[in-house]
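Below: the structure, in structure tokens.
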Amino acid sequence: MRKAVVVGVGMTDMGRLFDDSLMDILSSASLQAIDDAGINPKQIQGVYVANMGAGILQHQTALASALVDNINLLPASAELIENGPASGATAIKNGVMAVASGYYDYVLVVGGEKMRDVTGWRATDFVATLSHPEAEYPYGVTLPGMAGMFTKLYMQKYGYTERDLAKVAVKNHANGLLTPHAHVQMKVDIKGIMDSPDAVVNNSPVAEPIRLYDCCPVTDGGAALVITTEENARKLGKPMVVIAGFGQATDTHTLAEREDPTELKAVTLACNQAYERAGITPDQIDFAELHDAFTILEIAEAEAAGLFEKGGYKKALEDGELGITGSLPINPSGGLKSRGHPVGATGVAQAAEAVWQLQGKAGEHQVENPKIGLTINFGGFGNNVVALVFRREE
Amino acid sequence: MNRNDNKAYKCIGCGRVHFPKRTVCLSCNSRDFEEIPMGGEASIVTFSNIYQLPWGINVRYLTIGVAQFDNGAKAMGRITSPDVKIGDRVKAVWKIFRQMAGEDVYGWVFEPIK
């Protein structure tokens with residue numbers, strides 16, 4: 001198999017992109033990545049578009065065909081990957097397989113989502129459509145609701161408190177202040193969201209024990225990668241940032257049917273596959289971009305990924321090990337919490353951040369000289385998870 | 001959609017009890033199930049008082065949780081009181097609890113047992 005190397009990265013601003021259509025977002029991210037790679041766009045043979053919501057939110061289907069037309073990548077192959085919140089990394093996995101197998105030499109992977117076209121009320125409903133259509137959705141359960149149920153059990157089992165959750169938010173918002181395209185750029189402190197008399201208003205309950213600052217924002221935005229072979233990357237004179245391993249695993253659709261509902265089995269399985277393909281162990285990872293749609297998920301994913309023992313994240317956070325200058329920076333970009341969560345695009349945005357880190361191009365939130373980065377893209381409530389290992393090679 | 005099915009499905013191959021109905025057993029891959037009753041009492045596994053609700057639900061909050069039934073299955077349902085704890089016993093009632101697009105929707109409603 002051939003190595004899959006990322007030679008081009010693009011990302012739009014994250015936030016409420018009032019003036020841009022979904023097609024504008026996808027096109028902008030794509031062209032940035034193609035220009036960054038410095039290739040003739042017509043060299044791209046395969047286009048993988050990650051999106052979850054266009055069918056519901058924009059009443060538009062077959063997005064990939066529309067994109068290759070709009071930015072004239074015709075007649076490249078094009079397909080839409082809808083895999084819930086894991087769409088982004090799933091699309092990357094398909095791009096990697098196409099290049100590694102030798103079928104395609106250049107592929108474009110682009111994720112885009114436009115969630116702010118609708119009210120928060122409808123966006124919440126749209127995301128909830130990934131739940132079980134009979135055993136979950138009709139009850140009115142939401143993703144924050146599922147996260148609330150999960151958080152309650154995880155706190156009880158491993159001794160986390162609401163204050164621990166708030167500290168995750170404080171860290172990620174501090175990182176997001178250093179990320180120019182991040183959605184929520186504001187300083188958040190424990191006083192404001194936990195201790196002051198106003199905290200009950202600033203940080204109101206969403207789905208107990210989850211509060212507003214435990215949740216990611218609802219985001220418009222997109223990101224893209226151009227992936228090619230090692231040989232082409234050398235010809236282009238690009239840093240050798242290789243997608244060294246991927247893993248993907250699934251779990252039961254309903255939360256209720258998991259034997260131990262605190263066990264994120266698919267995260268563990270996906271990460272172990274990715275580590276094995278990359279030939280690494282988790283202690284070699286220099287930084288991670290985790291899917292912190294809710295603060296508890298940063299904690300539980302880090303532990304399920306083997307970065308810490310169960311309950312071990314807490315001490316590392318308190319010791320400052322997880323900040324940008326710590327021994328294992330987690331979500332140096334601000335994560336979903338601050339950078340934002342354009343749901344179907346998130347996996348590509350995480351990957352774009354990982355590549356920038358390994359290229360040394362992350363700017364103010366640059367981690368010192370990293371060699372190996374991990375991303376976890378968490379779909380459903382953990383029923384479809386993709387892990388990617390990125391490595392800087394010489 | 002089959003929204004009025006409150007039976008559990010016991011695998012003929014290994015005895016695992018499933019809810020809702022599925023086509024292949026999660027444990028042994030058997031495709032044969034025996035319908036068994038589901039209801040009576042159950043215990044709260046976890047729950048959340050949810051304040052930000054989806055489009056179409058016009059109440060201030062809902063208490064939704066997962067309960068362990070005595071037949072071995074676990075299922076989600078609405079809990080009639082926000083003042084519950086993990087482990088509390090509830091009476092599981094299958095009934096119409098809302099309408100969606102004008103159609104009655106059946107599901108589990110968990111009533112705490114005092």
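As shown in the structure tokens, the chain order sets the letters A, B, ...; within each chain, residues go from 1, and ligands are also counted from 1 in the order they appear.
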Closest atom pairs, residues of chain B within 7 Å of chain A, only C-alpha atoms, as a tab-separated table:
```
residue	atom	partner	partner_atom	distance
B:Arg3	CA	A:Glu134	CA	6.3
B:Pro20	CA	A:Ala135	CA	6.5
B:Thr46	CA	A:Met149	CA	5.5
B:Phe47	CA	A:Met149	CA	5.0
B:Ser48	CA	A:Glu208	CA	5.3
B:Asn49	CA	A:Glu208	CA	5.4
B:Ile50	CA	A:Ala207	CA	4.1
B:Tyr51	CA	A:Val206	CA	5.1
B:Gln52	CA	A:Val206	CA	5.6
B:Leu53	CA	A:Gly140	CA	6.7
B:Pro54	CA	A:Asp125	CA	4.5
B:Trp55	CA	A:Trp121	CA	4.8
B:Ile64	CA	A:Val141	CA	6.9
B:Val66	CA	A:Ala256	CA	6.2
B:Lys74	CA	A:Ala256	CA	5.4
B:Ala75	CA	A:Ala256	CA	5.5
B:Met76	CA	A:Glu136	CA	6.3
B:Gly77	CA	A:Tyr139	CA	6.5
B:Arg78	CA	A:Tyr139	CA	6.5
```
key: Contacts of Lys10 (chain B) at 8 Å (only C-alpha atoms; same-chain gap of 6+ positions) as a ChimeraX atom specification   = /B:16-18,33-36
ask   = Where in region 198-386 of chain A does DSSP assign alpha helix (DSSP H), given as number ranges by chain?
value = A: 199-202, 230-236, 265-278, 295-304, 313-318, 335-338, 346-359
Need to verify the contact set: Val267 (chain A), 7 Å, only C-alpha atoms, exclusion of same-chain residues closer than 5 positions in sequence. Can you return it as a CSV table (one decimal) with N, CA and C atoms, in the first residue's frame?
```csv
chain,number,residue,atom,x,y,z
A,301,GLU,N,-13.3,10.3,25.9
A,301,GLU,CA,-12.6,9.8,24.7
A,301,GLU,C,-11.1,9.7,25.0
A,304,ALA,N,-10.9,6.5,26.9
A,304,ALA,CA,-11.2,5.3,26.1
A,304,ALA,C,-10.1,5.1,25.0
A,305,ALA,N,-9.4,6.2,24.6
A,305,ALA,CA,-8.3,6.1,23.6
A,305,ALA,C,-7.0,5.6,24.2
A,385,VAL,N,-17.4,5.7,15.2
A,385,VAL,CA,-16.3,6.5,15.6
A,385,VAL,C,-15.1,6.3,14.6
```
inquiry  = Report, in Å to a single decimal, how far apart CA of Ser65 (chain A) and CA of Thr90 (chain A) are.
reply    = 18.3 Å
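Separating CA of Val45 (chain B) from CA of Lys85 (chain B) is a distance of 8.9 Å.
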ask   = So what do you get for CA of Gln45 (chain A) versus CA of Arg391 (chain A), distance-wise?
value =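 Those two atoms sit 24.3 Å apart.
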query = Hey, what does DSSP flag as strand (DSSP E or B) within chain B? Can you give it to me as JSON, numbers by chain?
reply = {"B": [8, 9, 10, 11, 17, 18, 33, 34, 35, 36, 40, 41, 42, 43, 44, 45, 46, 47, 48, 49, 50, 62, 63, 64, 65, 66, 67, 68, 69, 74, 75, 76, 77, 78, 79, 89, 90, 91, 92, 93, 94, 95, 96, 97, 98, 99, 100, 103, 104, 105, 106, 107, 108, 109, 110, 111, 112]}
Written file, previous selection with C-alpha atoms, as a PDB file, in the first residue's frame:
```
ATOM      1  CA  ALA B   8     -39.646  -7.525  24.110  1.00  0.00           C
ATOM      2  CA  TYR B   9     -37.935 -10.015  21.812  1.00  0.00           C
ATOM      3  CA  LYS B  10     -36.150 -12.926  23.444  1.00  0.00           C
ATOM      4  CA  CYS B  11     -33.536 -14.614  21.292  1.00  0.00           C
ATOM      5  CA  VAL B  17     -33.875 -10.041  25.592  1.00  0.00           C
ATOM      6  CA  HIS B  18     -34.051  -7.141  23.128  1.00  0.00           C
ATOM      7  CA  PHE B  33     -37.091 -14.430  18.535  1.00  0.00           C
ATOM      8  CA  GLU B  34     -39.912 -15.165  20.911  1.00  0.00           C
ATOM      9  CA  GLU B  35     -42.187 -12.259  21.825  1.00  0.00           C
ATOM     10  CA  ILE B  36     -42.326 -11.769  25.566  1.00  0.00           C
ATOM     11  CA  GLY B  40     -44.540  -3.721  35.162  1.00  0.00           C
ATOM     12  CA  GLU B  41     -41.751  -2.351  37.271  1.00  0.00           C
ATOM     13  CA  ALA B  42     -38.307  -1.170  36.255  1.00  0.00           C
ATOM     14  CA  SER B  43     -35.300   0.650  37.748  1.00  0.00           C
ATOM     15  CA  ILE B  44     -33.840   3.958  36.592  1.00  0.00           C
ATOM     16  CA  VAL B  45     -30.382   3.433  35.018  1.00  0.00           C
ATOM     17  CA  THR B  46     -29.803   7.093  34.157  1.00  0.00           C
ATOM     18  CA  PHE B  47     -31.821  10.181  33.235  1.00  0.00           C
ATOM     19  CA  SER B  48     -31.604  13.867  32.455  1.00  0.00           C
ATOM     20  CA  ASN B  49     -33.877  16.855  32.896  1.00  0.00           C
ATOM     21  CA  ILE B  50     -33.684  18.317  29.398  1.00  0.00           C
ATOM     22  CA  LEU B  62     -38.731  16.958  29.947  1.00  0.00           C
ATOM     23  CA  THR B  63     -37.285  14.245  32.167  1.00  0.00           C
ATOM     24  CA  ILE B  64     -36.095  11.408  29.951  1.00  0.00           C
ATOM     25  CA  GLY B  65     -34.238   8.361  31.129  1.00  0.00           C
ATOM     26  CA  VAL B  66     -33.276   4.752  30.597  1.00  0.00           C
ATOM     27  CA  ALA B  67     -34.785   2.032  32.789  1.00  0.00           C
ATOM     28  CA  GLN B  68     -33.811  -1.567  33.386  1.00  0.00           C
ATOM     29  CA  PHE B  69     -36.858  -3.829  33.136  1.00  0.00           C
ATOM     30  CA  LYS B  74     -33.358  -1.692  29.024  1.00  0.00           C
ATOM     31  CA  ALA B  75     -35.350   1.052  27.311  1.00  0.00           C
ATOM     32  CA  MET B  76     -35.669   4.813  27.115  1.00  0.00           C
ATOM     33  CA  GLY B  77     -38.820   6.572  28.247  1.00  0.00           C
ATOM     34  CA  ARG B  78     -40.282   9.726  29.707  1.00  0.00           C
ATOM     35  CA  ILE B  79     -40.200   9.997  33.484  1.00  0.00           C
ATOM     36  CA  ARG B  89     -38.079   1.946  41.035  1.00  0.00           C
ATOM     37  CA  VAL B  90     -40.691   3.076  38.514  1.00  0.00           C
ATOM     38  CA  LYS B  91     -43.902   1.706  37.078  1.00  0.00           C
ATOM     39  CA  ALA B  92     -43.445   1.366  33.316  1.00  0.00           C
ATOM     40  CA  VAL B  93     -46.609   2.246  31.438  1.00  0.00           C
ATOM     41  CA  TRP B  94     -46.960   1.924  27.674  1.00  0.00           C
ATOM     42  CA  LYS B  95     -49.235   4.652  26.417  1.00  0.00           C
ATOM     43  CA  ILE B  96     -49.850   7.486  23.983  1.00  0.00           C
ATOM     44  CA  PHE B  97     -47.640  10.308  25.248  1.00  0.00           C
ATOM     45  CA  ARG B  98     -47.581  12.738  22.341  1.00  0.00           C
ATOM     46  CA  GLN B  99     -48.677  13.326  18.800  1.00  0.00           C
ATOM     47  CA  MET B 100     -46.292  13.827  15.908  1.00  0.00           C
ATOM     48  CA  GLU B 103     -50.463  10.888  14.736  1.00  0.00           C
ATOM     49  CA  ASP B 104     -50.574   9.307  18.165  1.00  0.00           C
ATOM     50  CA  VAL B 105     -47.195   8.138  19.427  1.00  0.00           C
ATOM     51  CA  TYR B 106     -46.954   5.276  21.926  1.00  0.00           C
ATOM     52  CA  GLY B 107     -44.010   4.829  24.228  1.00  0.00           C
ATOM     53  CA  TRP B 108     -42.738   4.147  27.731  1.00  0.00           C
ATOM     54  CA  VAL B 109     -43.775   6.449  30.515  1.00  0.00           C
ATOM     55  CA  PHE B 110     -42.023   5.779  33.820  1.00  0.00           C
ATOM     56  CA  GLU B 111     -43.947   6.700  36.969  1.00  0.00           C
ATOM     57  CA  PRO B 112     -41.832   6.793  40.131  1.00  0.00           C
TER      58      PRO B 112
END
```
query = Near region 352-354 of chain A, within 7 Å and counting only C-alpha atoms, which residues show up once chain neighbours fewer than 5 positions away are dropped, as a PyMOL selection string?
reply = chain A and resi 9+223+225+333+373
request  = For Pro332 (chain A), list every protein, DNA or RNA residue within 9 Å, evaluated using only C-alpha atoms, and leave out those in the same chain fewer than 2 positions away; present the list as a list in words.
outcome  =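 Once the nearby chain positions are removed, what remains is Lys171, Asn172, Asn175, Gly176, Leu178, Thr179, Phe287, Ala288, Glu289, Leu322, Gly323, Ile324, Pro329, Ile330, Gly334, Gly335, Glu353, His365, Gln366 and Val367 of chain A.
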Write out as a PDB file with C-alpha atoms, in the first residue's frame the residues lying within 8 Å of Pro239 (chain A), counting only C-alpha atoms and excluding same-chain residues fewer than 3 positions away.
```pdb
ATOM      1  CA  VAL A   7      -0.397  18.355   0.742  1.00  0.00           C
ATOM      2  CA  ALA A 233       4.288  15.237  -2.126  1.00  0.00           C
ATOM      3  CA  GLN A 359       3.528  21.290   9.399  1.00  0.00           C
ATOM      4  CA  ARG A 392       5.325  14.021  10.387  1.00  0.00           C
ATOM      5  CA  GLU A 393       7.996  12.118   8.453  1.00  0.00           C
ATOM      6  CA  GLU A 394      11.226  13.255   6.844  1.00  0.00           C
TER       7      GLU A 394
END
```
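Distances from B:Val59, B:Cys14, B:Val84, B:Ala73 to Asn29 (chain B) were compared using only C-alpha atoms, and the smallest one belongs to B:Cys14.
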